[in-house]
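These notes concern the structure reproduced below.
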Amino acid sequence: MTTKLSNAQIAWRAAQDIADGAYVNLGIGFPEMVAKFQPPGRQAVFHTENGVLGFGEAPAPGTEDWDLINAGKKAITLKPGAAFFHHADSFAMVRGGHLDVAILGAYEVAENGDLANWSTGPKGVPAVGGAMDLVHGARRVAVITDHVTKDGKPKLLERCTLPLTGVGCVTRIYTSLAVIDIDNGRFVLREKLPSLSFDELQAVTGAKLHLDGPVADLIVPEI
Amino acid sequence: MDKRIASLAEAVADIPDGATVMIGGFGGSGAPIELIHALIDRFLATGSPKNLTVINNNAGNGHVGIAALIEQGMVAKMICSFPRSADPRVFTELYLAGKIELELVPQGTLAERIRAGGAGIPAFYTPTSYGTDLAKGKPVAEFEGRAYVQERWLKADFALIKAELGDHYGNLTYRMAARNFNPLMASAAARTIVQVSRAVEPGGIDPEQVITPGIFVQGIVEVPNPQQEEVLNRANAYYPEVSA
């Protein structure tokens, strides 16, 4: 019995909600995996902040062109129909409401849609990149994350405790246990692992889970 | 009307102590490594320029390019969005020791502040950073029921950028994702110095293909086969080279 989804399985689930032809930005790291799991017959166009639309997979080692990278500074390839543009145009796409979906990681998400994913506090060197821009403008801002921290503490909370990336910006959360929408300042449970009871899920969630219609089984293939 | 400069040394000769310098590139892509290294050569020979304010998306990687500039102690302040990299030790150590100042700017806001600087727009409103620590002290206004943060233009005394083709008038094209901040910075600096991988005669670039029109450019210097920061870092390179 599956007790929790792997990162790849969370990414797979998030990928199922991306429509054919959607313009999508995937955050650096774990969210990049979403691109691997596009359902057959659907093709999204991926945007990267440093000025590329329509990029594909990583090139074979040794064939990298270091003028062709993504926001994570990794080498990429181009798909037919790709486009280059400068940084101001790139963020016009972001803030101007032209992206259909942005999928980001999270340290914490609150029931009011607040997201904390850029800083764990005042120690060290602060770095924000494009995260604060990406949470504004995309029609859907989805988060993919483990349901709890490595110490087992809830990441879905009534209010974030860490420095915010954006206020009221997240619309859907894909976790290792469930799919949850944010609707009018509430967590609304849409799907959960069949092996998990509602009460068990509530116990590892830091704010009240609401029901609004049926809760589907969260079923993901072995990956 | 010939903006060509004969050497890298001449290209960076006028940058004074305390100057604000925009440096193009995103990580190593589009980074004018040879212009940066020429600036270091001048500093090592003359002690100038120092106390620079450098504007770039990042704060250097490894021990070449901007990291090497910082390592020489030439930079008093970085304005950037992401001062982390595969090897950010040079910036990190100075920052944690309180020896370099940091102004952290969200990436899209950084791009737009530079664009605004080049376009003569002193301030603008953006949704980015509203309600976060990075909006503290900035004016907020509501438009159509939503809150926006006021941000100000960003201008520089010099821009050091990298382009692919450049003609004598300073018309430029870029190579793939190496475009990034370069065209924006070209417009926002009082003097924009460009290293081009290939210099061509006027007419050598189809006007349909010009990305940065020459009006934004004051000097070009040809650097064929420019170095890539990523390749240098994979070879553990230092600038200036250290003997083994």
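Naming scheme: A, B, ... for chains in displayed order of the structure tokens; residues 1 onward per chain; ligands 1 onward as shown.
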Just need the residues of chain B within 8 Å of chain A, counting only C-alpha atoms, so spit them out as an MDAnalysis selection string.
chainID B and resid 26:30 81:84 92 95:96 104:109 111:112 115 127:133 175:184 228 230
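Rounded to one decimal, CA of Leu232 (chain B) and CA of Lys50 (chain B) lie 24.5 Å from each other.
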If you run DSSP on the backbone here, which positions in region 83-217 of chain B get strand (DSSP E or B)? Please write them as a PyMOL selection string.
chain B and resi 101-104+123-126+140-143+146-152+156-167+172+189-200+212
Let's have the selection written as a short mmCIF file (atom, residue, chain, number, x, y, z; two decimals), in the first residue's frame, with N, CA and C atoms.
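To be explicit, this is the file written out as part02.cif:
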```cif
data_model
loop_
_atom_site.label_atom_id
_atom_site.label_comp_id
_atom_site.auth_asym_id
_atom_site.auth_seq_id
_atom_site.Cartn_x
_atom_site.Cartn_y
_atom_site.Cartn_z
N GLU B 101 28.06 45.01 0.26
CA GLU B 101 26.65 45.33 0.47
C GLU B 101 25.82 44.59 -0.57
N LEU B 102 24.58 44.25 -0.21
CA LEU B 102 23.68 43.56 -1.14
C LEU B 102 22.34 44.27 -1.17
N GLU B 103 21.89 44.59 -2.39
CA GLU B 103 20.50 45.01 -2.58
C GLU B 103 19.82 43.90 -3.37
N LEU B 104 18.91 43.18 -2.70
CA LEU B 104 18.25 42.03 -3.31
C LEU B 104 16.97 42.50 -4.00
N ALA B 123 9.58 55.63 -12.20
CA ALA B 123 9.02 54.65 -11.27
C ALA B 123 7.84 53.95 -11.92
N PHE B 124 7.49 52.80 -11.38
CA PHE B 124 6.36 52.04 -11.91
C PHE B 124 5.79 51.20 -10.77
N TYR B 125 4.62 50.64 -10.98
CA TYR B 125 4.00 49.77 -9.98
C TYR B 125 3.97 48.33 -10.47
N THR B 126 4.29 47.41 -9.56
CA THR B 126 4.30 45.99 -9.90
C THR B 126 3.63 45.19 -8.78
N VAL B 140 2.82 51.81 -1.67
CA VAL B 140 1.89 50.82 -2.22
C VAL B 140 0.65 51.57 -2.70
N ALA B 141 0.10 51.16 -3.83
CA ALA B 141 -1.14 51.77 -4.31
C ALA B 141 -2.05 50.68 -4.87
N GLU B 142 -3.35 50.98 -4.85
CA GLU B 142 -4.31 49.99 -5.35
C GLU B 142 -4.79 50.40 -6.74
N PHE B 143 -4.80 49.45 -7.64
CA PHE B 143 -5.33 49.66 -8.99
C PHE B 143 -6.31 48.55 -9.28
N ARG B 146 -6.50 45.78 -6.66
CA ARG B 146 -5.36 44.96 -6.31
C ARG B 146 -4.19 45.85 -5.88
N ALA B 147 -3.37 45.36 -4.95
CA ALA B 147 -2.28 46.19 -4.41
C ALA B 147 -1.00 46.00 -5.22
N TYR B 148 -0.32 47.11 -5.45
CA TYR B 148 0.93 47.11 -6.22
C TYR B 148 1.99 47.91 -5.48
N VAL B 149 3.24 47.54 -5.71
CA VAL B 149 4.38 48.16 -5.04
C VAL B 149 5.10 49.09 -6.02
N GLN B 150 5.46 50.29 -5.53
CA GLN B 150 6.19 51.20 -6.40
C GLN B 150 7.69 50.85 -6.41
N GLU B 151 8.22 50.74 -7.59
CA GLU B 151 9.66 50.49 -7.76
C GLU B 151 10.25 51.59 -8.63
N ARG B 152 11.54 51.88 -8.40
CA ARG B 152 12.19 52.97 -9.14
C ARG B 152 13.13 52.47 -10.23
N ALA B 156 22.84 53.33 -14.80
CA ALA B 156 24.24 53.07 -14.48
C ALA B 156 25.14 54.03 -15.24
N ASP B 157 26.36 54.17 -14.72
CA ASP B 157 27.36 54.97 -15.43
C ASP B 157 27.87 54.21 -16.66
N PHE B 158 28.05 52.91 -16.48
CA PHE B 158 28.57 52.07 -17.57
C PHE B 158 27.76 50.77 -17.63
N ALA B 159 27.64 50.23 -18.82
CA ALA B 159 27.18 48.85 -18.99
C ALA B 159 28.26 48.11 -19.76
N LEU B 160 28.59 46.92 -19.26
CA LEU B 160 29.50 46.02 -19.98
C LEU B 160 28.66 44.83 -20.41
N ILE B 161 28.50 44.67 -21.71
CA ILE B 161 27.61 43.61 -22.18
C ILE B 161 28.29 42.78 -23.27
N LYS B 162 27.61 41.69 -23.63
CA LYS B 162 28.14 40.78 -24.65
C LYS B 162 27.08 40.58 -25.73
N ALA B 163 27.54 40.65 -26.98
CA ALA B 163 26.63 40.42 -28.10
C ALA B 163 27.30 39.50 -29.10
N GLU B 164 26.54 39.04 -30.09
CA GLU B 164 27.08 38.12 -31.09
C GLU B 164 27.69 38.91 -32.25
N LEU B 165 26.82 39.59 -33.02
CA LEU B 165 27.30 40.45 -34.10
C LEU B 165 27.17 41.91 -33.67
N GLY B 166 28.12 42.71 -34.09
CA GLY B 166 28.00 44.15 -33.87
C GLY B 166 28.61 44.88 -35.05
N ASP B 167 27.91 45.91 -35.56
CA ASP B 167 28.52 46.68 -36.65
C ASP B 167 29.12 47.97 -36.09
N LEU B 172 23.34 45.55 -32.71
CA LEU B 172 23.74 44.27 -32.12
C LEU B 172 22.71 43.16 -32.35
N ALA B 189 22.47 52.60 -19.43
CA ALA B 189 23.76 53.12 -18.95
C ALA B 189 24.17 54.34 -19.77
N ALA B 190 24.87 55.26 -19.12
CA ALA B 190 25.37 56.44 -19.83
C ALA B 190 26.35 56.02 -20.93
N ARG B 191 27.18 55.02 -20.62
CA ARG B 191 28.11 54.49 -21.64
C ARG B 191 28.01 52.98 -21.68
N THR B 192 27.66 52.45 -22.82
CA THR B 192 27.54 51.00 -22.98
C THR B 192 28.68 50.50 -23.86
N ILE B 193 29.46 49.60 -23.26
CA ILE B 193 30.60 49.01 -23.95
C ILE B 193 30.26 47.55 -24.23
N VAL B 194 30.40 47.13 -25.47
CA VAL B 194 29.97 45.79 -25.87
C VAL B 194 31.15 44.98 -26.37
N GLN B 195 31.27 43.75 -25.88
CA GLN B 195 32.18 42.83 -26.56
C GLN B 195 31.34 42.01 -27.52
N VAL B 196 31.74 42.04 -28.79
CA VAL B 196 30.99 41.30 -29.81
C VAL B 196 31.87 40.14 -30.29
N SER B 197 31.23 39.01 -30.55
CA SER B 197 32.00 37.86 -31.00
C SER B 197 32.46 38.05 -32.44
N ARG B 198 31.71 38.89 -33.20
CA ARG B 198 32.13 39.18 -34.56
C ARG B 198 31.72 40.60 -34.93
N ALA B 199 32.70 41.42 -35.30
CA ALA B 199 32.41 42.78 -35.76
C ALA B 199 32.20 42.75 -37.27
N VAL B 200 31.16 43.44 -37.73
CA VAL B 200 30.86 43.45 -39.17
C VAL B 200 30.72 44.90 -39.63
N THR B 212 19.47 45.19 -30.55
CA THR B 212 19.80 46.46 -29.90
C THR B 212 20.26 47.44 -30.96
#
```
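Of the listed residues (B:Ala31, B:Ala68, B:Ala13, B:Val75), B:Val75 comes nearest to Asn51 (chain B); the distances count only C-alpha atoms.
The closest residue to Ile28 (chain A), picked from A:Pro80, A:Pro194, A:Gly96, A:Gly105 and counting only C-alpha atoms, is A:Gly105.
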Could you list, as a PDB file with all heavy atoms, in the first residue's frame, every residue within 9 Å of Val141 (chain A), counting only C-alpha atoms and ignoring same-chain residues fewer than 5 positions away?
```pdb
ATOM      1  N   ASP A 100      -0.333  30.253 -18.474  1.00  0.00           N
ATOM      2  CA  ASP A 100      -1.500  29.539 -17.969  1.00  0.00           C
ATOM      3  C   ASP A 100      -1.245  28.974 -16.578  1.00  0.00           C
ATOM      4  O   ASP A 100      -2.143  28.980 -15.737  1.00  0.00           O
ATOM      5  CB  ASP A 100      -1.869  28.411 -18.944  1.00  0.00           C
ATOM      6  CG  ASP A 100      -2.314  28.964 -20.280  1.00  0.00           C
ATOM      7  OD1 ASP A 100      -3.374  29.611 -20.316  1.00  0.00           O
ATOM      8  OD2 ASP A 100      -1.579  28.783 -21.270  1.00  0.00           O
ATOM      9  N   VAL A 101      -0.067  28.444 -16.361  1.00  0.00           N
ATOM     10  CA  VAL A 101       0.239  27.778 -15.098  1.00  0.00           C
ATOM     11  C   VAL A 101       1.682  28.064 -14.685  1.00  0.00           C
ATOM     12  O   VAL A 101       2.588  28.015 -15.519  1.00  0.00           O
ATOM     13  CB  VAL A 101       0.135  26.229 -15.220  1.00  0.00           C
ATOM     14  CG1 VAL A 101       0.124  25.579 -13.841  1.00  0.00           C
ATOM     15  CG2 VAL A 101      -1.078  25.809 -16.011  1.00  0.00           C
ATOM     16  N   ALA A 102       1.876  28.304 -13.395  1.00  0.00           N
ATOM     17  CA  ALA A 102       3.215  28.255 -12.801  1.00  0.00           C
ATOM     18  C   ALA A 102       3.177  27.187 -11.715  1.00  0.00           C
ATOM     19  O   ALA A 102       2.224  27.132 -10.926  1.00  0.00           O
ATOM     20  CB  ALA A 102       3.603  29.604 -12.216  1.00  0.00           C
ATOM     21  N   ILE A 103       4.182  26.324 -11.705  1.00  0.00           N
ATOM     22  CA  ILE A 103       4.235  25.258 -10.695  1.00  0.00           C
ATOM     23  C   ILE A 103       5.522  25.444  -9.886  1.00  0.00           C
ATOM     24  O   ILE A 103       6.621  25.460 -10.445  1.00  0.00           O
ATOM     25  CB  ILE A 103       4.181  23.864 -11.339  1.00  0.00           C
ATOM     26  CG1 ILE A 103       2.863  23.723 -12.108  1.00  0.00           C
ATOM     27  CG2 ILE A 103       4.307  22.772 -10.267  1.00  0.00           C
ATOM     28  CD1 ILE A 103       2.688  22.389 -12.810  1.00  0.00           C
ATOM     29  N   LEU A 104       5.358  25.606  -8.590  1.00  0.00           N
ATOM     30  CA  LEU A 104       6.476  25.982  -7.721  1.00  0.00           C
ATOM     31  C   LEU A 104       6.578  25.037  -6.536  1.00  0.00           C
ATOM     32  O   LEU A 104       5.601  24.392  -6.157  1.00  0.00           O
ATOM     33  CB  LEU A 104       6.243  27.406  -7.179  1.00  0.00           C
ATOM     34  CG  LEU A 104       6.037  28.496  -8.236  1.00  0.00           C
ATOM     35  CD1 LEU A 104       5.464  29.751  -7.616  1.00  0.00           C
ATOM     36  CD2 LEU A 104       7.353  28.805  -8.916  1.00  0.00           C
ATOM     37  N   LEU A 134       6.838  35.169 -10.288  1.00  0.00           N
ATOM     38  CA  LEU A 134       6.070  34.050 -10.844  1.00  0.00           C
ATOM     39  C   LEU A 134       4.735  33.834 -10.128  1.00  0.00           C
ATOM     40  O   LEU A 134       3.785  33.343 -10.721  1.00  0.00           O
ATOM     41  CB  LEU A 134       6.888  32.755 -10.762  1.00  0.00           C
ATOM     42  CG  LEU A 134       7.955  32.616 -11.834  1.00  0.00           C
ATOM     43  CD1 LEU A 134       8.918  31.492 -11.490  1.00  0.00           C
ATOM     44  CD2 LEU A 134       7.314  32.380 -13.203  1.00  0.00           C
ATOM     45  N   VAL A 135       4.670  34.183  -8.841  1.00  0.00           N
ATOM     46  CA  VAL A 135       3.420  33.945  -8.108  1.00  0.00           C
ATOM     47  C   VAL A 135       2.338  34.949  -8.487  1.00  0.00           C
ATOM     48  O   VAL A 135       1.193  34.806  -8.067  1.00  0.00           O
ATOM     49  CB  VAL A 135       3.643  33.950  -6.584  1.00  0.00           C
ATOM     50  CG1 VAL A 135       4.576  32.813  -6.191  1.00  0.00           C
ATOM     51  CG2 VAL A 135       4.184  35.281  -6.083  1.00  0.00           C
ATOM     52  N   HIS A 136       2.710  35.983  -9.258  1.00  0.00           N
ATOM     53  CA  HIS A 136       1.705  36.945  -9.714  1.00  0.00           C
ATOM     54  C   HIS A 136       1.610  36.851 -11.227  1.00  0.00           C
ATOM     55  O   HIS A 136       2.608  36.952 -11.918  1.00  0.00           O
ATOM     56  CB  HIS A 136       2.093  38.365  -9.321  1.00  0.00           C
ATOM     57  CG  HIS A 136       2.142  38.555  -7.841  1.00  0.00           C
ATOM     58  ND1 HIS A 136       1.003  38.613  -7.078  1.00  0.00           N
ATOM     59  CD2 HIS A 136       3.175  38.659  -6.984  1.00  0.00           C
ATOM     60  CE1 HIS A 136       1.346  38.770  -5.808  1.00  0.00           C
ATOM     61  NE2 HIS A 136       2.653  38.794  -5.724  1.00  0.00           N
ATOM     62  N   CYS A 169      -1.738  33.897  -3.340  1.00  0.00           N
ATOM     63  CA  CYS A 169      -1.415  33.636  -4.747  1.00  0.00           C
ATOM     64  C   CYS A 169      -1.628  32.177  -5.175  1.00  0.00           C
ATOM     65  O   CYS A 169      -1.831  31.908  -6.352  1.00  0.00           O
ATOM     66  CB  CYS A 169       0.024  34.058  -5.023  1.00  0.00           C
ATOM     67  SG  CYS A 169       1.237  33.356  -3.884  1.00  0.00           S
ATOM     68  N   VAL A 170      -1.594  31.230  -4.251  1.00  0.00           N
ATOM     69  CA  VAL A 170      -1.649  29.810  -4.625  1.00  0.00           C
ATOM     70  C   VAL A 170      -3.100  29.384  -4.853  1.00  0.00           C
ATOM     71  O   VAL A 170      -3.993  29.754  -4.080  1.00  0.00           O
ATOM     72  CB  VAL A 170      -1.012  28.928  -3.523  1.00  0.00           C
ATOM     73  CG1 VAL A 170      -1.131  27.444  -3.871  1.00  0.00           C
ATOM     74  CG2 VAL A 170       0.449  29.312  -3.319  1.00  0.00           C
ATOM     75  N   THR A 171      -3.330  28.607  -5.916  1.00  0.00           N
ATOM     76  CA  THR A 171      -4.689  28.149  -6.197  1.00  0.00           C
ATOM     77  C   THR A 171      -4.860  26.646  -5.978  1.00  0.00           C
ATOM     78  O   THR A 171      -5.956  26.178  -5.725  1.00  0.00           O
ATOM     79  CB  THR A 171      -5.100  28.497  -7.649  1.00  0.00           C
ATOM     80  OG1 THR A 171      -4.119  27.964  -8.554  1.00  0.00           O
ATOM     81  CG2 THR A 171      -5.177  30.004  -7.835  1.00  0.00           C
ATOM     82  N   ARG A 172      -3.784  25.865  -6.096  1.00  0.00           N
ATOM     83  CA  ARG A 172      -3.908  24.410  -5.911  1.00  0.00           C
ATOM     84  C   ARG A 172      -2.602  23.850  -5.365  1.00  0.00           C
ATOM     85  O   ARG A 172      -1.519  24.337  -5.724  1.00  0.00           O
ATOM     86  CB  ARG A 172      -4.272  23.730  -7.235  1.00  0.00           C
ATOM     87  CG  ARG A 172      -4.293  22.227  -7.172  1.00  0.00           C
ATOM     88  CD  ARG A 172      -4.995  21.584  -8.372  1.00  0.00           C
ATOM     89  NE  ARG A 172      -6.413  21.343  -8.073  1.00  0.00           N
ATOM     90  CZ  ARG A 172      -7.147  20.388  -8.644  1.00  0.00           C
ATOM     91  NH1 ARG A 172      -6.639  19.606  -9.571  1.00  0.00           N
ATOM     92  NH2 ARG A 172      -8.410  20.214  -8.306  1.00  0.00           N
ATOM     93  N   ILE A 173      -2.704  22.837  -4.521  1.00  0.00           N
ATOM     94  CA  ILE A 173      -1.523  22.202  -3.922  1.00  0.00           C
ATOM     95  C   ILE A 173      -1.573  20.701  -4.209  1.00  0.00           C
ATOM     96  O   ILE A 173      -2.572  20.044  -3.908  1.00  0.00           O
ATOM     97  CB  ILE A 173      -1.488  22.411  -2.387  1.00  0.00           C
ATOM     98  CG1 ILE A 173      -1.733  23.877  -2.037  1.00  0.00           C
ATOM     99  CG2 ILE A 173      -0.159  21.940  -1.812  1.00  0.00           C
ATOM    100  CD1 ILE A 173      -2.132  24.071  -0.577  1.00  0.00           C
TER     101      ILE A 173
END
```
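Separating CA of Leu211 (chain A) from CA of Gln9 (chain A) is a distance of 23.9 Å.
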Need to verify the contact set: Ala9 (chain B), 12 Å, only C-alpha atoms, exclusion of same-chain residues closer than 2 positions in sequence. Can you return it as a PyMOL selection string?
chain B and resi 5-7+11-15+34-43+45+193+195+221
Run DSSP on the backbone and grab whatever in region 75-203 of chain A lands in helix (DSSP H, G or I); send it over as a JSON list (two decimals) with all heavy atoms, in the first residue's frame.
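What follows is the written file part.json:
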```json
[["chain", "number", "residue", "atom", "x", "y", "z"],
["A", 87, "HIS", "N", 14.92, 39.77, -20.94],
["A", 87, "HIS", "CA", 14.36, 39.58, -19.60],
["A", 87, "HIS", "C", 13.11, 40.41, -19.32],
["A", 87, "HIS", "O", 12.24, 39.97, -18.58],
["A", 87, "HIS", "CB", 15.44, 39.91, -18.57],
["A", 87, "HIS", "CG", 15.89, 38.71, -17.81],
["A", 87, "HIS", "ND1", 16.87, 37.86, -18.25],
["A", 87, "HIS", "CD2", 15.47, 38.21, -16.63],
["A", 87, "HIS", "CE1", 17.05, 36.90, -17.37],
["A", 87, "HIS", "NE2", 16.22, 37.08, -16.37],
["A", 88, "ALA", "N", 13.01, 41.60, -19.88],
["A", 88, "ALA", "CA", 11.81, 42.42, -19.61],
["A", 88, "ALA", "C", 10.60, 41.80, -20.30],
["A", 88, "ALA", "O", 9.50, 41.76, -19.73],
["A", 88, "ALA", "CB", 12.04, 43.86, -20.06],
["A", 89, "ASP", "N", 10.78, 41.30, -21.53],
["A", 89, "ASP", "CA", 9.69, 40.60, -22.20],
["A", 89, "ASP", "C", 9.34, 39.32, -21.45],
["A", 89, "ASP", "O", 8.16, 38.95, -21.35],
["A", 89, "ASP", "CB", 10.09, 40.24, -23.64],
["A", 89, "ASP", "CG", 9.92, 41.41, -24.60],
["A", 89, "ASP", "OD1", 9.36, 42.44, -24.19],
["A", 89, "ASP", "OD2", 10.35, 41.29, -25.76],
["A", 90, "SER", "N", 10.35, 38.64, -20.95],
["A", 90, "SER", "CA", 10.11, 37.39, -20.23],
["A", 90, "SER", "C", 9.20, 37.62, -19.03],
["A", 90, "SER", "O", 8.26, 36.85, -18.79],
["A", 90, "SER", "CB", 11.44, 36.79, -19.78],
["A", 90, "SER", "OG", 11.22, 35.56, -19.14],
["A", 91, "PHE", "N", 9.48, 38.69, -18.29],
["A", 91, "PHE", "CA", 8.67, 38.95, -17.10],
["A", 91, "PHE", "C", 7.37, 39.68, -17.43],
["A", 91, "PHE", "O", 6.46, 39.70, -16.61],
["A", 91, "PHE", "CB", 9.51, 39.64, -16.02],
["A", 91, "PHE", "CG", 10.37, 38.63, -15.30],
["A", 91, "PHE", "CD1", 11.63, 38.31, -15.77],
["A", 91, "PHE", "CD2", 9.88, 37.94, -14.21],
["A", 91, "PHE", "CE1", 12.41, 37.35, -15.14],
["A", 91, "PHE", "CE2", 10.64, 36.97, -13.57],
["A", 91, "PHE", "CZ", 11.91, 36.67, -14.03],
["A", 92, "ALA", "N", 7.27, 40.25, -18.62],
["A", 92, "ALA", "CA", 5.97, 40.73, -19.10],
["A", 92, "ALA", "C", 5.05, 39.52, -19.29],
["A", 92, "ALA", "O", 3.86, 39.57, -18.97],
["A", 92, "ALA", "CB", 6.12, 41.51, -20.40],
["A", 93, "MET", "N", 5.61, 38.43, -19.80],
["A", 93, "MET", "CA", 4.82, 37.19, -19.94],
["A", 93, "MET", "C", 4.35, 36.71, -18.57],
["A", 93, "MET", "O", 3.23, 36.22, -18.42],
["A", 93, "MET", "CB", 5.67, 36.10, -20.59],
["A", 93, "MET", "CG", 6.04, 36.43, -22.03],
["A", 93, "MET", "SD", 7.23, 35.22, -22.68],
["A", 93, "MET", "CE", 7.82, 36.13, -24.11],
["A", 94, "VAL", "N", 5.24, 36.85, -17.58],
["A", 94, "VAL", "CA", 4.92, 36.37, -16.23],
["A", 94, "VAL", "C", 3.87, 37.25, -15.57],
["A", 94, "VAL", "O", 2.78, 36.80, -15.22],
["A", 94, "VAL", "CB", 6.21, 36.32, -15.37],
["A", 94, "VAL", "CG1", 5.89, 36.03, -13.92],
["A", 94, "VAL", "CG2", 7.19, 35.28, -15.94],
["A", 95, "ARG", "N", 4.19, 38.53, -15.41],
["A", 95, "ARG", "CA", 3.30, 39.43, -14.66],
["A", 95, "ARG", "C", 2.06, 39.80, -15.45],
["A", 95, "ARG", "O", 1.04, 40.15, -14.88],
["A", 95, "ARG", "CB", 4.03, 40.71, -14.30],
["A", 95, "ARG", "CG", 4.96, 40.61, -13.14],
["A", 95, "ARG", "CD", 5.48, 41.99, -12.83],
["A", 95, "ARG", "NE", 6.89, 42.12, -13.07],
["A", 95, "ARG", "CZ", 7.45, 42.51, -14.21],
["A", 95, "ARG", "NH1", 6.73, 42.83, -15.26],
["A", 95, "ARG", "NH2", 8.76, 42.58, -14.32],
["A", 131, "ALA", "N", 11.01, 34.02, -8.09],
["A", 131, "ALA", "CA", 9.85, 33.43, -7.39],
["A", 131, "ALA", "C", 8.76, 34.45, -7.09],
["A", 131, "ALA", "O", 7.57, 34.17, -7.27],
["A", 131, "ALA", "CB", 10.32, 32.77, -6.09],
["A", 132, "MET", "N", 9.15, 35.64, -6.66],
["A", 132, "MET", "CA", 8.13, 36.64, -6.29],
["A", 132, "MET", "C", 7.37, 37.17, -7.50],
["A", 132, "MET", "O", 6.26, 37.67, -7.36],
["A", 132, "MET", "CB", 8.77, 37.81, -5.53],
["A", 132, "MET", "CG", 9.12, 37.47, -4.11],
["A", 132, "MET", "SD", 9.58, 38.96, -3.20],
["A", 132, "MET", "CE", 10.09, 38.19, -1.65],
["A", 133, "ASP", "N", 7.98, 37.11, -8.67],
["A", 133, "ASP", "CA", 7.30, 37.51, -9.90],
["A", 133, "ASP", "C", 6.35, 36.41, -10.38],
["A", 133, "ASP", "O", 5.23, 36.67, -10.80],
["A", 133, "ASP", "CB", 8.33, 37.81, -11.00],
["A", 133, "ASP", "CG", 9.36, 38.83, -10.57],
["A", 133, "ASP", "OD1", 9.07, 40.03, -10.62],
["A", 133, "ASP", "OD2", 10.47, 38.41, -10.17],
["A", 134, "LEU", "N", 6.84, 35.17, -10.29],
["A", 134, "LEU", "CA", 6.07, 34.05, -10.84],
["A", 134, "LEU", "C", 4.74, 33.83, -10.13],
["A", 134, "LEU", "O", 3.79, 33.34, -10.72],
["A", 134, "LEU", "CB", 6.89, 32.76, -10.76],
["A", 134, "LEU", "CG", 7.96, 32.62, -11.83],
["A", 134, "LEU", "CD1", 8.92, 31.49, -11.49],
["A", 134, "LEU", "CD2", 7.31, 32.38, -13.20],
["A", 198, "PHE", "N", -9.70, 10.49, 6.22],
["A", 198, "PHE", "CA", -9.78, 11.95, 6.31],
["A", 198, "PHE", "C", -9.13, 12.44, 7.60],
["A", 198, "PHE", "O", -8.39, 13.42, 7.61],
["A", 198, "PHE", "CB", -11.25, 12.41, 6.25],
["A", 198, "PHE", "CG", -11.41, 13.90, 6.36],
["A", 198, "PHE", "CD1", -11.36, 14.71, 5.23],
["A", 198, "PHE", "CD2", -11.60, 14.51, 7.60],
["A", 198, "PHE", "CE1", -11.49, 16.08, 5.33],
["A", 198, "PHE", "CE2", -11.72, 15.89, 7.70],
["A", 198, "PHE", "CZ", -11.68, 16.68, 6.56],
["A", 199, "ASP", "N", -9.41, 11.75, 8.71],
["A", 199, "ASP", "CA", -8.88, 12.18, 10.00],
["A", 199, "ASP", "C", -7.36, 12.09, 10.04],
["A", 199, "ASP", "O", -6.69, 12.95, 10.62],
["A", 199, "ASP", "CB", -9.48, 11.36, 11.15],
["A", 199, "ASP", "CG", -10.95, 11.72, 11.37],
["A", 199, "ASP", "OD1", -11.38, 12.77, 10.85],
["A", 199, "ASP", "OD2", -11.65, 10.93, 12.03],
["A", 200, "GLU", "N", -6.81, 11.04, 9.43],
["A", 200, "GLU", "CA", -5.34, 10.91, 9.37],
["A", 200, "GLU", "C", -4.73, 12.06, 8.58],
["A", 200, "GLU", "O", -3.68, 12.59, 8.95],
["A", 200, "GLU", "CB", -4.95, 9.57, 8.73],
["A", 200, "GLU", "CG", -5.16, 8.37, 9.66],
["A", 200, "GLU", "CD", -5.02, 7.03, 8.93],
["A", 200, "GLU", "OE1", -5.37, 6.95, 7.73],
["A", 200, "GLU", "OE2", -4.56, 6.08, 9.57],
["A", 201, "LEU", "N", -5.38, 12.42, 7.49],
["A", 201, "LEU", "CA", -4.88, 13.53, 6.68],
["A", 201, "LEU", "C", -4.99, 14.85, 7.45],
["A", 201, "LEU", "O", -4.05, 15.65, 7.46],
["A", 201, "LEU", "CB", -5.65, 13.61, 5.36],
["A", 201, "LEU", "CG", -5.14, 14.66, 4.37],
["A", 201, "LEU", "CD1", -3.74, 14.32, 3.88],
["A", 201, "LEU", "CD2", -6.10, 14.79, 3.18],
["A", 202, "GLN", "N", -6.13, 15.03, 8.10],
["A", 202, "GLN", "CA", -6.33, 16.26, 8.88],
["A", 202, "GLN", "C", -5.25, 16.38, 9.97],
["A", 202, "GLN", "O", -4.76, 17.47, 10.24],
["A", 202, "GLN", "CB", -7.73, 16.26, 9.52],
["A", 202, "GLN", "CG", -8.04, 17.51, 10.33],
["A", 202, "GLN", "CD", -8.07, 18.79, 9.50],
["A", 202, "GLN", "OE1", -9.00, 19.04, 8.74],
["A", 202, "GLN", "NE2", -7.00, 19.60, 9.59],
["A", 203, "ALA", "N", -4.86, 15.26, 10.55],
["A", 203, "ALA", "CA", -3.90, 15.27, 11.65],
["A", 203, "ALA", "C", -2.51, 15.78, 11.22],
["A", 203, "ALA", "O", -1.76, 16.29, 12.05],
["A", 203, "ALA", "CB", -3.77, 13.87, 12.26]]
```
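A straight line drawn from CA of Asp20 (chain A) to CA of Ala82 (chain A) is 16.2 Å long.
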Calculated over only C-alpha atoms, which of the candidates A:Val204, A:Ala138, A:Val143, A:Ile76 has the smallest distance to Val24 (chain A)?
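Of A:Val204, A:Ala138, A:Val143, A:Ile76, the one nearest Val24 (chain A) is A:Ala138, counting only C-alpha atoms.
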When you count only C-alpha atoms, which of these residues is closest to Glu222 (chain A): A:Leu156, A:Ile18, A:Val109, A:Leu5?
A:Leu5
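Summary of the local environment: counting only C-alpha atoms, residues at most 8 Å from Ile219 (chain A), other than itself and those fewer than 2 positions away along its chain, are Leu193, Pro194, Asp217 and Pro221 of chain A.
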